[in-house]
file entry_37.txt (compact mmCIF, C-alpha atoms)
# COMPACT_ATOMS: atom_id res chain seq x y z
CA MET A 503 0.00 0.00 0.00
CA SER A 504 1.47 3.34 -1.00
CA ARG A 505 1.87 6.05 1.58
CA PRO A 506 1.07 9.73 0.91
CA ASP A 507 4.00 12.10 0.94
CA THR A 508 2.37 14.67 3.18
CA ASP A 509 3.18 14.01 6.81
CA HIS A 510 0.02 15.70 8.10
CA LEU A 511 -2.20 13.11 6.48
CA LEU A 512 -0.66 10.41 8.61
CA LEU A 513 -0.85 11.99 12.05
CA PRO A 514 -3.02 9.75 14.26
CA ASP A 515 -6.42 11.43 14.44
CA ALA A 516 -9.25 10.56 16.82
CA GLU A 517 -11.68 11.96 14.24
CA ALA A 518 -10.10 10.20 11.25
CA ASP A 519 -13.43 8.75 10.06
CA VAL A 520 -15.31 12.04 10.36
CA TRP A 521 -15.96 14.07 7.23
CA PRO A 522 -16.78 17.66 8.29
CA SER A 523 -19.78 19.35 6.72
CA PRO A 524 -19.45 22.82 5.15
CA GLN A 525 -20.83 24.27 8.37
CA GLY A 526 -18.23 22.34 10.34
CA ALA A 527 -15.44 23.61 8.10
CA ALA A 528 -16.70 27.15 8.69
CA ALA A 529 -16.57 26.58 12.44
CA ARG A 530 -12.98 25.40 12.22
CA ARG A 531 -12.04 28.45 10.15
CA ALA A 532 -13.54 30.56 12.91
CA LEU A 533 -11.33 28.77 15.43
CA LEU A 534 -8.25 29.38 13.30
CA ALA A 535 -9.08 33.06 13.10
CA HIS A 536 -7.82 33.13 16.69
CA PRO A 537 -4.48 31.27 16.33
CA VAL A 538 -2.91 32.77 19.45
CA VAL A 539 -5.77 31.52 21.62
CA LEU A 540 -5.53 28.10 19.98
CA LEU A 541 -1.75 27.94 20.38
CA VAL A 542 -1.90 28.96 24.04
CA GLY A 543 -4.57 26.33 24.61
CA ILE A 544 -2.44 23.61 23.03
CA VAL A 545 0.61 24.59 25.09
CA LEU A 546 -1.29 24.74 28.38
CA ALA A 547 -3.08 21.45 27.72
CA SER A 548 0.26 19.83 26.85
CA LEU A 549 1.83 21.07 30.07
CA ASN A 550 -0.75 18.96 31.89
CA MET A 551 -0.14 15.73 29.99
CA ARG A 552 2.53 14.43 32.38
CA ALA A 553 2.47 16.91 35.26
CA ALA A 554 -0.02 15.02 37.43
CA LEU A 555 2.04 11.84 37.06
CA ALA A 556 5.44 13.43 37.70
CA SER A 557 4.20 15.30 40.78
CA VAL A 558 3.67 12.10 42.78
CA SER A 559 7.02 10.38 42.39
CA PRO A 560 9.18 12.69 44.57
CA LEU A 561 6.52 12.52 47.31
CA VAL A 562 5.70 8.81 47.24
CA SER A 563 7.55 8.08 50.49
CA ASP A 564 5.55 10.74 52.35
CA ILE A 565 2.30 9.49 50.84
CA SER A 566 3.17 5.95 51.88
CA GLN A 567 3.97 6.99 55.45
CA SER A 568 0.79 9.05 55.69
CA PHE A 569 -1.42 6.05 54.86
CA GLY A 570 0.89 3.27 56.09
CA LEU A 571 1.23 1.76 52.62
CA SER A 572 3.54 -1.10 51.68
CA SER A 573 5.85 -0.84 48.66
CA THR A 574 3.33 -2.78 46.59
CA ALA A 575 0.45 -0.56 47.65
CA SER A 576 2.59 2.51 47.05
CA SER A 577 3.28 1.36 43.50
CA LEU A 578 -0.45 1.38 42.84
CA VAL A 579 -0.42 5.14 43.35
CA THR A 580 1.50 5.42 40.07
CA SER A 581 0.28 2.21 38.40
CA VAL A 582 -3.44 3.00 38.57
CA PRO A 583 -3.21 6.18 36.44
CA VAL A 584 -1.07 4.35 33.86
CA LEU A 585 -3.61 1.52 33.71
CA PHE A 586 -6.33 4.03 32.90
CA LEU A 587 -4.15 5.65 30.26
CA GLY A 588 -4.79 2.44 28.35
CA LEU A 589 -8.46 2.08 29.24
CA GLY A 590 -9.15 5.74 28.54
CA ALA A 591 -7.57 5.42 25.09
CA LEU A 592 -10.34 2.93 24.22
CA VAL A 593 -13.13 5.47 24.58
CA ALA A 594 -11.34 8.63 23.42
CA PRO A 595 -11.94 8.16 19.65
CA TRP A 596 -15.65 7.42 20.20
CA LEU A 597 -16.04 10.51 22.38
CA ALA A 598 -14.25 12.69 19.81
CA ARG A 599 -16.49 11.46 17.00
CA ARG A 600 -19.63 11.78 19.09
CA PHE A 601 -19.06 15.18 20.72
CA GLY A 602 -16.09 16.76 18.90
CA SER A 603 -12.51 17.21 20.00
CA GLU A 604 -12.85 20.62 21.65
CA PRO A 605 -15.61 19.71 24.13
CA VAL A 606 -13.94 16.40 25.01
CA LEU A 607 -10.59 18.10 25.56
CA LEU A 608 -12.24 20.68 27.82
CA PHE A 609 -13.93 17.85 29.73
CA ALA A 610 -10.57 16.05 30.05
CA LEU A 611 -8.90 19.10 31.59
CA LEU A 612 -11.74 19.58 34.09
CA LEU A 613 -11.66 15.86 34.89
CA LEU A 614 -7.91 16.12 35.44
CA ALA A 615 -8.32 19.03 37.85
CA GLY A 616 -11.01 17.11 39.73
CA GLY A 617 -8.91 13.95 39.85
CA ILE A 618 -5.95 15.82 41.31
CA LEU A 619 -8.14 17.22 44.08
CA VAL A 620 -9.82 13.89 44.80
CA ARG A 621 -6.39 12.27 45.05
CA VAL A 622 -5.40 14.43 48.03
CA ALA A 623 -8.54 13.71 50.10
CA PRO A 624 -7.70 11.99 53.43
CA SER A 625 -8.52 8.46 52.31
CA PRO A 626 -6.62 5.69 50.50
CA VAL A 627 -9.76 5.07 48.43
CA ALA A 628 -9.71 8.69 47.26
CA LEU A 629 -5.98 8.43 46.58
CA TYR A 630 -6.52 5.58 44.14
CA GLY A 631 -9.87 6.88 42.86
CA GLY A 632 -8.26 10.19 42.00
CA GLY A 633 -5.60 8.25 40.13
CA VAL A 634 -8.36 6.66 38.01
CA LEU A 635 -9.67 10.10 37.08
CA VAL A 636 -6.18 11.48 36.40
CA GLY A 637 -5.24 8.55 34.16
CA THR A 638 -8.50 8.73 32.19
CA ALA A 639 -8.14 12.47 31.67
CA ILE A 640 -4.54 12.20 30.45
CA ALA A 641 -5.53 9.35 28.11
CA LEU A 642 -8.07 11.63 26.44
CA LEU A 643 -5.44 14.34 26.03
CA ASN A 644 -2.94 11.84 24.61
CA VAL A 645 -5.35 10.64 21.94
CA LEU A 646 -6.89 14.00 21.01
CA MET A 647 -3.80 16.18 20.67
CA PRO A 648 -2.27 14.66 17.48
CA GLY A 649 -5.59 14.90 15.66
CA LEU A 650 -6.10 18.52 16.70
CA ILE A 651 -2.69 19.42 15.34
CA LYS A 652 -3.31 17.50 12.13
CA ARG A 653 -6.65 19.24 11.63
CA ASP A 654 -5.79 22.82 12.55
CA PHE A 655 -2.12 23.08 11.54
CA PRO A 656 -1.80 20.80 8.48
CA ASP A 657 1.09 22.80 7.02
CA LYS A 658 2.97 23.08 10.33
CA ALA A 659 2.33 19.62 11.75
CA ALA A 660 5.99 18.85 12.49
CA SER A 661 6.74 22.12 14.25
CA MET A 662 3.49 22.03 16.22
CA THR A 663 4.17 18.45 17.27
CA SER A 664 7.52 19.63 18.61
CA VAL A 665 5.74 22.42 20.49
CA TYR A 666 3.27 20.13 22.20
CA THR A 667 5.77 17.37 23.03
CA GLY A 668 8.23 19.97 24.31
CA ALA A 669 5.53 21.52 26.49
CA MET A 670 4.55 18.08 27.79
CA ILE A 671 8.11 17.33 28.89
CA ALA A 672 8.58 20.85 30.25
CA GLY A 673 5.50 20.40 32.42
CA ALA A 674 6.85 17.16 33.85
CA THR A 675 10.24 18.77 34.49
CA LEU A 676 8.75 21.78 36.27
CA VAL A 677 6.53 19.64 38.46
CA ALA A 678 9.24 17.12 39.34
CA ALA A 679 11.61 19.90 40.41
CA SER A 680 8.94 21.77 42.38
CA SER A 681 7.14 19.01 44.29
CA VAL A 682 9.46 18.79 47.31
CA PRO A 683 10.08 22.58 47.58
CA LEU A 684 6.32 23.16 47.41
CA GLU A 685 5.77 20.58 50.13
CA LYS A 686 8.22 22.44 52.35
CA ALA A 687 6.66 25.79 51.47
CA PHE A 688 3.25 24.45 52.51
CA GLY A 689 4.56 23.33 55.90
CA GLY A 690 5.27 19.72 54.99
CA SER A 691 1.91 19.10 53.32
CA TRP A 692 2.25 16.71 50.40
CA GLU A 693 -1.48 17.16 49.83
CA ALA A 694 -1.06 20.87 49.11
CA SER A 695 1.96 20.20 46.91
CA LEU A 696 -0.10 17.87 44.72
CA ALA A 697 -3.30 19.93 44.81
CA VAL A 698 -1.69 23.10 43.51
CA TRP A 699 -1.31 21.53 40.06
CA SER A 700 -5.08 21.38 39.67
CA LEU A 701 -4.82 25.13 39.04
CA LEU A 702 -2.71 24.44 35.94
CA ALA A 703 -5.45 22.16 34.58
CA VAL A 704 -8.15 24.74 35.36
CA LEU A 705 -6.13 27.46 33.60
CA ALA A 706 -5.80 25.25 30.52
CA ALA A 707 -9.55 24.53 30.61
CA VAL A 708 -10.31 28.27 30.65
CA THR A 709 -8.27 28.75 27.46
CA TRP A 710 -10.26 25.98 25.72
CA LEU A 711 -13.68 27.31 26.68
CA PRO A 712 -13.73 30.03 23.96
CA GLN A 713 -12.81 27.45 21.33
CA VAL A 714 -15.68 25.20 22.41
CA LEU A 715 -18.09 28.13 22.28
CA ILE A 716 -16.86 29.27 18.86
CA ALA A 717 -17.14 25.78 17.37
CA ARG A 718 -20.61 25.10 18.79
CA GLY A 719 -21.83 28.64 18.18
CA ARG A 720 -21.20 28.47 14.45
CA THR A 721 -22.97 25.15 13.96
CA GLY A 722 -24.48 22.39 16.06
CA HIS A 723 -22.29 19.35 16.64
CA GLU A 724 -25.01 17.16 15.10
CA VAL A 725 -24.43 18.92 11.77
CA ARG A 726 -20.73 19.37 12.08
CA MET A 727 -20.12 15.67 12.70
CA ALA A 728 -23.12 14.26 10.90
CA SER A 729 -21.53 11.98 8.34
CA ALA A 730 -18.54 9.69 8.15
CA ARG A 731 -15.94 9.98 5.40
CA PRO A 732 -17.29 8.25 2.30
CA GLY A 733 -15.81 4.85 1.64
CA THR A 734 -14.20 4.39 5.02
CA GLY A 735 -15.81 1.56 6.89
CA THR A 736 -14.63 0.87 10.38
CA GLY A 737 -15.14 -2.83 10.81
CA SER A 738 -12.81 -4.62 8.42
CA ALA A 739 -10.04 -2.03 8.65
CA ALA A 740 -10.06 -2.12 12.44
CA LYS A 741 -9.90 -5.91 12.42
CA SER A 742 -6.96 -5.91 10.03
CA VAL A 743 -4.91 -3.83 12.47
CA TRP A 744 -5.54 -6.20 15.37
CA ARG A 745 -4.72 -9.19 13.17
CA SER A 746 -1.48 -7.73 11.83
CA ALA A 747 1.80 -9.11 13.20
CA LEU A 748 3.52 -5.82 12.35
CA ALA A 749 0.90 -3.87 14.29
CA TRP A 750 1.49 -6.07 17.32
CA GLN A 751 5.26 -5.55 17.03
CA VAL A 752 4.81 -1.77 17.00
CA THR A 753 2.36 -2.04 19.89
CA LEU A 754 4.66 -4.19 22.01
CA PHE A 755 7.58 -1.83 21.48
CA MET A 756 5.33 1.05 22.54
CA GLY A 757 4.29 -0.91 25.65
CA LEU A 758 7.76 -2.07 26.68
CA GLN A 759 9.35 1.35 26.31
CA SER A 760 6.42 2.82 28.27
CA LEU A 761 6.97 0.19 30.97
CA TRP A 762 10.60 1.11 31.57
CA SER A 763 9.70 4.82 31.58
CA TYR A 764 6.88 4.47 34.10
CA VAL A 765 9.07 2.42 36.41
CA LEU A 766 11.39 5.42 36.50
CA ILE A 767 8.50 7.87 36.92
CA ALA A 768 7.29 5.83 39.88
CA TRP A 769 10.55 4.89 41.57
CA MET A 770 13.59 6.89 40.43
CA PRO A 771 13.57 9.36 43.36
CA THR A 772 12.94 6.49 45.79
CA ILE A 773 15.88 4.53 44.39
CA PHE A 774 18.12 7.53 45.09
CA THR A 775 16.75 8.26 48.57
CA ASP A 776 16.98 4.58 49.56
CA HIS A 777 20.71 4.86 48.88
CA GLY A 778 21.10 7.92 51.11
CA MET A 779 20.41 10.87 48.80
CA SER A 780 18.29 13.74 50.10
CA ARG A 781 14.74 14.02 48.75
CA SER A 782 15.41 17.50 47.36
CA THR A 783 18.44 16.35 45.39
CA ALA A 784 16.60 13.26 44.18
CA GLY A 785 13.75 15.46 42.96
CA VAL A 786 16.11 17.75 41.07
CA ILE A 787 17.85 14.81 39.39
CA PHE A 788 14.47 13.36 38.49
CA ALA A 789 13.54 16.72 36.94
CA PHE A 790 16.82 16.69 34.99
CA ASN A 791 15.95 13.23 33.69
CA ASN A 792 12.64 14.61 32.40
CA LEU A 793 14.26 17.68 30.88
CA ILE A 794 16.97 15.78 29.00
CA GLN A 795 14.29 13.66 27.35
CA VAL A 796 13.61 16.63 25.07
CA ALA A 797 16.91 15.98 23.25
CA GLY A 798 16.05 12.37 22.43
CA ALA A 799 12.40 13.09 21.67
CA PHE A 800 13.41 15.80 19.19
CA ALA A 801 16.38 14.19 17.46
CA VAL A 802 15.35 10.54 17.09
CA PRO A 803 12.07 11.10 15.19
CA LEU A 804 13.89 13.39 12.74
CA LEU A 805 16.46 10.67 12.11
CA ALA A 806 13.77 7.99 11.88
CA GLY A 807 11.92 9.87 9.15
CA ARG A 808 15.05 9.87 7.00
CA MET A 809 15.64 6.12 7.28
CA ARG A 810 13.88 3.27 5.48
CA SER A 811 14.60 0.96 8.42
CA GLN A 812 14.84 2.28 11.96
CA ARG A 813 16.76 -0.71 13.32
CA PRO A 814 19.92 1.28 14.19
CA LEU A 815 17.78 3.65 16.27
CA ILE A 816 16.13 0.72 18.05
CA VAL A 817 19.57 -0.53 19.05
CA LEU A 818 20.63 2.97 20.13
CA VAL A 819 17.70 3.84 22.38
CA THR A 820 17.41 0.42 24.03
CA SER A 821 21.18 0.36 24.67
CA LEU A 822 21.07 3.80 26.30
CA VAL A 823 18.18 2.82 28.56
CA ALA A 824 19.85 -0.48 29.49
CA ALA A 825 23.13 1.31 30.27
CA GLY A 826 21.32 3.84 32.46
CA TYR A 827 19.47 1.15 34.41
CA ALA A 828 22.69 -0.82 34.85
CA GLY A 829 24.27 2.33 36.25
CA LEU A 830 21.43 2.71 38.76
CA MET A 831 22.14 -0.83 39.91
CA ILE A 832 25.93 -0.42 40.19
CA ALA A 833 26.48 3.19 41.35
CA PRO A 834 23.11 4.86 41.97
CA VAL A 835 24.35 7.88 43.92
CA SER A 836 27.86 8.63 42.67
CA GLY A 837 26.76 8.38 39.03
CA ALA A 838 23.22 9.68 39.50
CA TRP A 839 23.50 12.67 37.16
CA LEU A 840 25.15 10.59 34.44
CA TRP A 841 22.58 7.80 34.61
CA ALA A 842 19.71 10.29 34.67
CA GLY A 843 21.10 11.91 31.51
CA VAL A 844 21.72 8.64 29.68
CA LEU A 845 18.28 7.36 30.64
CA GLY A 846 16.66 10.65 29.63
CA ILE A 847 18.11 10.58 26.12
CA GLY A 848 17.13 6.93 25.75
CA GLN A 849 13.63 7.45 27.16
CA GLY A 850 12.89 10.50 25.03
CA GLY A 851 14.32 8.83 21.95
CA ALA A 852 12.33 5.65 22.56
CA VAL A 853 8.96 7.33 22.99
CA GLY A 854 9.63 9.55 19.98
CA LEU A 855 10.62 6.51 17.94
CA ALA A 856 7.58 4.52 19.08
CA LEU A 857 5.20 7.32 18.07
CA THR A 858 7.02 7.86 14.77
CA MET A 859 6.84 4.18 13.89
CA ILE A 860 3.07 4.31 14.28
CA VAL A 861 3.09 6.80 11.42
CA LEU A 862 5.80 5.12 9.34
CA ARG A 863 4.24 1.67 9.59
CA SER A 864 0.78 2.96 8.57
CA GLY A 865 -0.32 3.09 4.98
CA ASP A 866 -2.97 5.79 5.43
CA ALA A 867 -4.43 8.17 7.99
CA GLN A 868 -7.19 5.80 9.10
CA THR A 869 -4.69 3.00 9.74
CA ALA A 870 -2.49 5.44 11.65
CA ALA A 871 -5.42 6.41 13.87
CA ARG A 872 -6.36 2.79 14.60
CA LEU A 873 -2.79 1.68 15.12
CA SER A 874 -2.30 4.60 17.50
CA GLY A 875 -5.38 3.53 19.47
CA MET A 876 -4.21 -0.08 19.58
CA ALA A 877 -0.66 0.87 20.60
CA GLN A 878 -1.79 3.25 23.33
CA THR A 879 -4.44 0.92 24.73
CA VAL A 880 -2.36 -2.25 24.85
CA GLY A 881 0.88 -0.36 25.46
CA TYR A 882 -0.30 1.50 28.55
CA LEU A 883 -2.03 -1.57 29.95
CA LEU A 884 1.31 -3.35 29.66
CA ALA A 885 3.17 -0.36 31.08
CA ALA A 886 0.94 -0.31 34.17
CA VAL A 887 2.46 -3.64 35.21
CA GLY A 888 5.91 -2.06 35.54
CA PRO A 889 5.62 0.15 38.63
CA LEU A 890 3.45 -2.41 40.42
CA ALA A 891 5.84 -5.30 39.72
CA ALA A 892 8.90 -3.25 40.62
CA GLY A 893 7.33 -2.24 43.94
CA ALA A 894 6.30 -5.80 44.77
CA VAL A 895 9.73 -7.24 43.97
CA HIS A 896 11.42 -4.46 45.93
CA GLN A 897 9.24 -5.23 48.94
CA ALA A 898 9.95 -8.96 48.64
CA THR A 899 13.72 -8.61 48.23
CA GLY A 900 14.40 -5.49 50.27
CA GLY A 901 16.50 -3.89 47.52
CA TRP A 902 16.53 -2.59 43.97
CA THR A 903 18.99 -4.99 42.33
CA ILE A 904 16.46 -7.61 41.23
CA PRO A 905 13.78 -5.09 40.11
CA ILE A 906 16.37 -3.31 37.95
CA ALA A 907 17.62 -6.64 36.59
CA LEU A 908 14.07 -7.44 35.53
CA VAL A 909 13.81 -4.11 33.70
CA LEU A 910 17.03 -4.98 31.87
CA GLY A 911 15.16 -8.05 30.67
CA VAL A 912 12.41 -5.72 29.43
CA CYS A 913 15.07 -3.79 27.50
CA ALA A 914 16.20 -7.02 25.82
CA ALA A 915 12.61 -7.86 24.88
CA ALA A 916 12.06 -4.33 23.51
CA LEU A 917 15.21 -4.69 21.40
CA ALA A 918 14.01 -7.98 19.94
CA VAL A 919 10.49 -6.86 19.10
CA GLY A 920 11.67 -3.42 18.01
CA LEU A 921 13.98 -4.88 15.39
CA PHE A 922 10.93 -6.50 13.78
CA ALA A 923 8.79 -3.37 14.12
CA ALA A 924 11.49 -1.19 12.52
CA ARG A 925 11.42 -3.00 9.17
CA ASP A 926 10.40 -0.97 6.11
CA ARG A 927 6.85 -2.30 5.87
CA THR A 928 3.33 -1.00 6.41
CA VAL A 929 0.28 -2.46 8.07
call {"tool": "encode", "arguments": {"input": "entry_37.txt", "output": "structure tokens"}}
result
Amino acid sequence: MSRPDTDHLLLPDAEADVWPSPQGAAARRALLAHPVVLLVGIVLASLNMRAALASVSPLVSDISQSFGLSSTASSLVTSVPVLFLGLGALVAPWLARRFGSEPVLLFALLLLAGGILVRVAPSPVALYGGGVLVGTAIALLNVLMPGLIKRDFPDKAASMTSVYTGAMIAGATLVAASSVPLEKAFGGSWEASLAVWSLLAVLAAVTWLPQVLIARGRTGHEVRMASARPGTGTGSAAKSVWRSALAWQVTLFMGLQSLWSYVLIAWMPTIFTDHGMSRSTAGVIFAFNNLIQVAGAFAVPLLAGRMRSQRPLIVLVTSLVAAGYAGLMIAPVSGAWLWAGVLGIGQGGAVGLALTMIVLRSGDAQTAARLSGMAQTVGYLLAAVGPLAAGAVHQATGGWTIPIALVLGVCAAALAVGLFAARDRTV
């Protein structure tokens, strides 16, 4: 199957099967008449796409002590949102087609703000329940953002993708660096440190409200989204993705690289503090790890797009991540900055490569959308196992050597499946 030359046609789009009516096209032109508002909305929404996850990790020891949680129970604090990243990705395309991207994105931001506040209520049930809401909200943002960029910035898709991914990583970096200082500023209250980030979600929601009103004011959603794109059935095409070996290879690479990243999101500061590092220093190094991911996330997709086979990049990113994890096992404190940097480049490169391969392995926009949904759903469900398993093994063994060794096994599996996924073929 031939692939169009224009990159914007292949961005995964939650509304890929929707053919806008003339009234709907007019509404979108009205939105684009306010590009600054739209750009600010995209940036603020992107800042929230990892912030609520990164805010917990530096404070997990305090949260555990507050509720008397074991290592396994503590790992659920970070695993539950990741689990619902996968489950939320299942419903996001349906919601976008049914209600439109702007209203669903606004709902996601409000749901995120509510989830953050629920999570800090004085109850373990609320702690985990808030995680459900946070994960579902971020899943909606993950699925909707590429389609919004494809739709509204078709001639600037690459640069706008860099803007939103950069903002996403910047948000995680800011939050990771600020969590412990905010806790101290609020008199040792981890609840206040987490709750303050609900304001960021509310601010982003406010910037999306005008866009929702403009879109719905110009034409009713029933008209705007009335008909599907002619000639694009959903049944057989969707089945072909789930039955494709190549699609499963791309999906497994997405899941395995997500698994090793979410283990770090959940446990990197704890690994450092368990070896004697102060919580403030551990939080700063964790923030540095998030920041350095920008380099890999920017460079690797550019290289991948210029290569027929991405196998050398698969070897590169998995080797960097494996080296960084090995460093955490051998010299976690003395080499902390080095390992955080090596891991950051590998993590950023791996997620960028995984997302790029969804596009490169897809023959058309509809396949890209369905492969993206499959990869995010299965991938995040697989990734949710990582923090939980690492916490359970840590509790059982009393150390981090065996959990890290198991993640090195994940790196080997990602290398093997990635080499298949990186072949110059399409689903």
call {"tool": "closest_residue", "arguments": {"input": "entry_37.txt", "among": "A:Leu701, A:Ala894, A:Val606, A:Leu917", "to": "Ser572 of chain A", "atoms": "only C-alpha atoms"}}
result
A:Ala894
call {"tool": "residues_around", "arguments": {"input": "entry_37.txt", "residues": "Ile904 of chain A", "least_positions_apart": "2", "cutoff": "12 Å", "atoms": "only C-alpha atoms", "output": "NGL selection string"}}
result
:A and (827-828 or 830-832 or 891-902 or 906-911)
call {"tool": "closest_atom_pairs", "arguments": {"input": "entry_37.txt", "of": "segment 744-861 of chain A", "to": "segment 644-657 of chain A", "cutoff": "12 Å", "atoms": "only C-alpha atoms", "output": "tab-separated table"}}
result
residue	atom	partner	partner_atom	distance
A:Leu857	CA	A:Pro648	CA	10.5
A:Thr858	CA	A:Pro648	CA	11.8
A:Val861	CA	A:Pro648	CA	11.3
call {"tool": "write_last_selection", "arguments": {"input": "entry_37.txt", "atoms": "C-alpha atoms", "output": "CSV table (one decimal), keeping the file's coordinate frame"}}
result
chain,number,residue,atom,x,y,z
A,857,LEU,CA,5.2,7.3,18.1
A,858,THR,CA,7.0,7.9,14.8
A,861,VAL,CA,3.1,6.8,11.4
call {"tool": "closest_residue", "arguments": {"input": "entry_37.txt", "among": "A:Leu890, A:Phe609, A:Met859, A:Ser548", "to": "Leu748 of chain A", "atoms": "all atoms listed in the file"}}
result
A:Met859
call {"tool": "atom_distance", "arguments": {"input": "entry_37.txt", "atom1": "atom CA of Ala856 of chain A", "atom2": "atom CA of Gly888 of chain A"}}
result
17.8 Å
call {"tool": "residues_around", "arguments": {"input": "entry_37.txt", "residues": "Leu589 of chain A", "least_positions_apart": "4", "cutoff": "10 Å", "atoms": "all atoms listed in the file", "output": "PDB file with C-alpha atoms, keeping the file's coordinate frame"}}
result
ATOM      1  CA  PRO A 583      -3.210   6.180  36.440  1.00  0.00           C
ATOM      2  CA  VAL A 584      -1.070   4.350  33.860  1.00  0.00           C
ATOM      3  CA  LEU A 585      -3.610   1.520  33.710  1.00  0.00           C
ATOM      4  CA  VAL A 593     -13.130   5.470  24.580  1.00  0.00           C
ATOM      5  CA  ALA A 594     -11.340   8.630  23.420  1.00  0.00           C
ATOM      6  CA  VAL A 634      -8.360   6.660  38.010  1.00  0.00           C
ATOM      7  CA  GLY A 637      -5.240   8.550  34.160  1.00  0.00           C
ATOM      8  CA  THR A 638      -8.500   8.730  32.190  1.00  0.00           C
ATOM      9  CA  ALA A 641      -5.530   9.350  28.110  1.00  0.00           C
ATOM     10  CA  LEU A 642      -8.070  11.630  26.440  1.00  0.00           C
ATOM     11  CA  GLN A 878      -1.790   3.250  23.330  1.00  0.00           C
ATOM     12  CA  THR A 879      -4.440   0.920  24.730  1.00  0.00           C
ATOM     13  CA  VAL A 880      -2.360  -2.250  24.850  1.00  0.00           C
ATOM     14  CA  TYR A 882      -0.300   1.500  28.550  1.00  0.00           C
ATOM     15  CA  LEU A 883      -2.030  -1.570  29.950  1.00  0.00           C
TER      16      LEU A 883
END
call {"tool": "residues_around", "arguments": {"input": "entry_37.txt", "residues": "segment 668-676 of chain A", "least_positions_apart": "4", "cutoff": "6 Å", "atoms": "all atoms listed in the file", "output": "VMD selection string"}}
result
chain A and resid 545 548 to 549 551 to 553 556 664 789 792 to 793
call {"tool": "closest_residue", "arguments": {"input": "entry_37.txt", "among": "A:Pro560, A:Ala547, A:Thr928, A:Gly829", "to": "Leu612 of chain A", "atoms": "only C-alpha atoms"}}
result
A:Ala547
call {"tool": "closest_residue", "arguments": {"input": "entry_37.txt", "among": "A:Leu608, A:Met662, A:Leu815, A:Leu840", "to": "Ala924 of chain A", "atoms": "all atoms listed in the file"}}
result
A:Leu815
call {"tool": "closest_atom_pairs", "arguments": {"input": "entry_37.txt", "of": "segment 539-652 of chain A", "to": "segment 709-715 of chain A", "cutoff": "12 Å", "atoms": "only C-alpha atoms", "output": "CSV"}}
result
residue,atom,partner,partner_atom,distance
A:Val539,CA,A:Thr709,CA,6.9
A:Leu540,CA,A:Gln713,CA,7.4
A:Leu541,CA,A:Thr709,CA,9.7
A:Val542,CA,A:Thr709,CA,7.2
A:Gly543,CA,A:Thr709,CA,5.3
A:Ile544,CA,A:Trp710,CA,8.6
A:Val545,CA,A:Thr709,CA,10.1
A:Leu546,CA,A:Thr709,CA,8.1
A:Ala547,CA,A:Trp710,CA,8.7
A:Phe601,CA,A:Val714,CA,10.7
A:Gly602,CA,A:Val714,CA,9.1
A:Ser603,CA,A:Val714,CA,8.9
A:Glu604,CA,A:Val714,CA,5.4
A:Pro605,CA,A:Val714,CA,5.8
A:Val606,CA,A:Val714,CA,9.3
A:Leu607,CA,A:Trp710,CA,7.9
A:Leu608,CA,A:Trp710,CA,6.0
A:Phe609,CA,A:Trp710,CA,9.8
A:Ala610,CA,A:Trp710,CA,10.8
A:Leu611,CA,A:Trp710,CA,9.1
A:Leu612,CA,A:Trp710,CA,10.6
call {"tool": "atom_distance", "arguments": {"input": "entry_37.txt", "atom1": "atom CA of Leu614 of chain A", "atom2": "atom CA of Ile787 of chain A"}}
result
26.1 Å
call {"tool": "closest_residue", "arguments": {"input": "entry_37.txt", "among": "A:Ala703, A:Val636, A:Ala623, A:Ala615", "to": "Val582 of chain A", "atoms": "only C-alpha atoms"}}
result
A:Val636
call {"tool": "residues_near_point", "arguments": {"input": "entry_37.txt", "point": "(13.6, 10.1, 42.1)", "cutoff": "10 Å", "atoms": "only C-alpha atoms", "output": "CSV table (one decimal) with C-alpha atoms, in the frame of the given file"}}
result
chain,number,residue,atom,x,y,z
A,556,ALA,CA,5.4,13.4,37.7
A,559,SER,CA,7.0,10.4,42.4
A,560,PRO,CA,9.2,12.7,44.6
A,561,LEU,CA,6.5,12.5,47.3
A,562,VAL,CA,5.7,8.8,47.2
A,678,ALA,CA,9.2,17.1,39.3
A,766,LEU,CA,11.4,5.4,36.5
A,767,ILE,CA,8.5,7.9,36.9
A,768,ALA,CA,7.3,5.8,39.9
A,769,TRP,CA,10.6,4.9,41.6
A,770,MET,CA,13.6,6.9,40.4
A,771,PRO,CA,13.6,9.4,43.4
A,772,THR,CA,12.9,6.5,45.8
A,773,ILE,CA,15.9,4.5,44.4
A,774,PHE,CA,18.1,7.5,45.1
A,775,THR,CA,16.8,8.3,48.6
A,776,ASP,CA,17.0,4.6,49.6
A,779,MET,CA,20.4,10.9,48.8
A,780,SER,CA,18.3,13.7,50.1
A,781,ARG,CA,14.7,14.0,48.8
A,782,SER,CA,15.4,17.5,47.4
A,783,THR,CA,18.4,16.4,45.4
A,784,ALA,CA,16.6,13.3,44.2
A,785,GLY,CA,13.8,15.5,43.0
A,786,VAL,CA,16.1,17.8,41.1
A,787,ILE,CA,17.8,14.8,39.4
A,788,PHE,CA,14.5,13.4,38.5
A,789,ALA,CA,13.5,16.7,36.9
A,791,ASN,CA,16.0,13.2,33.7
A,838,ALA,CA,23.2,9.7,39.5
A,842,ALA,CA,19.7,10.3,34.7
call {"tool": "closest_residue", "arguments": {"input": "entry_37.txt", "among": "A:Phe688, A:Val708, A:Tyr764, A:Tyr630", "to": "Leu555 of chain A", "atoms": "only C-alpha atoms"}}
result
A:Tyr764
call {"tool": "atom_distance", "arguments": {"input": "entry_37.txt", "atom1": "atom CA of Val912 of chain A", "atom2": "atom CA of Ala852 of chain A"}}
result
13.3 Å
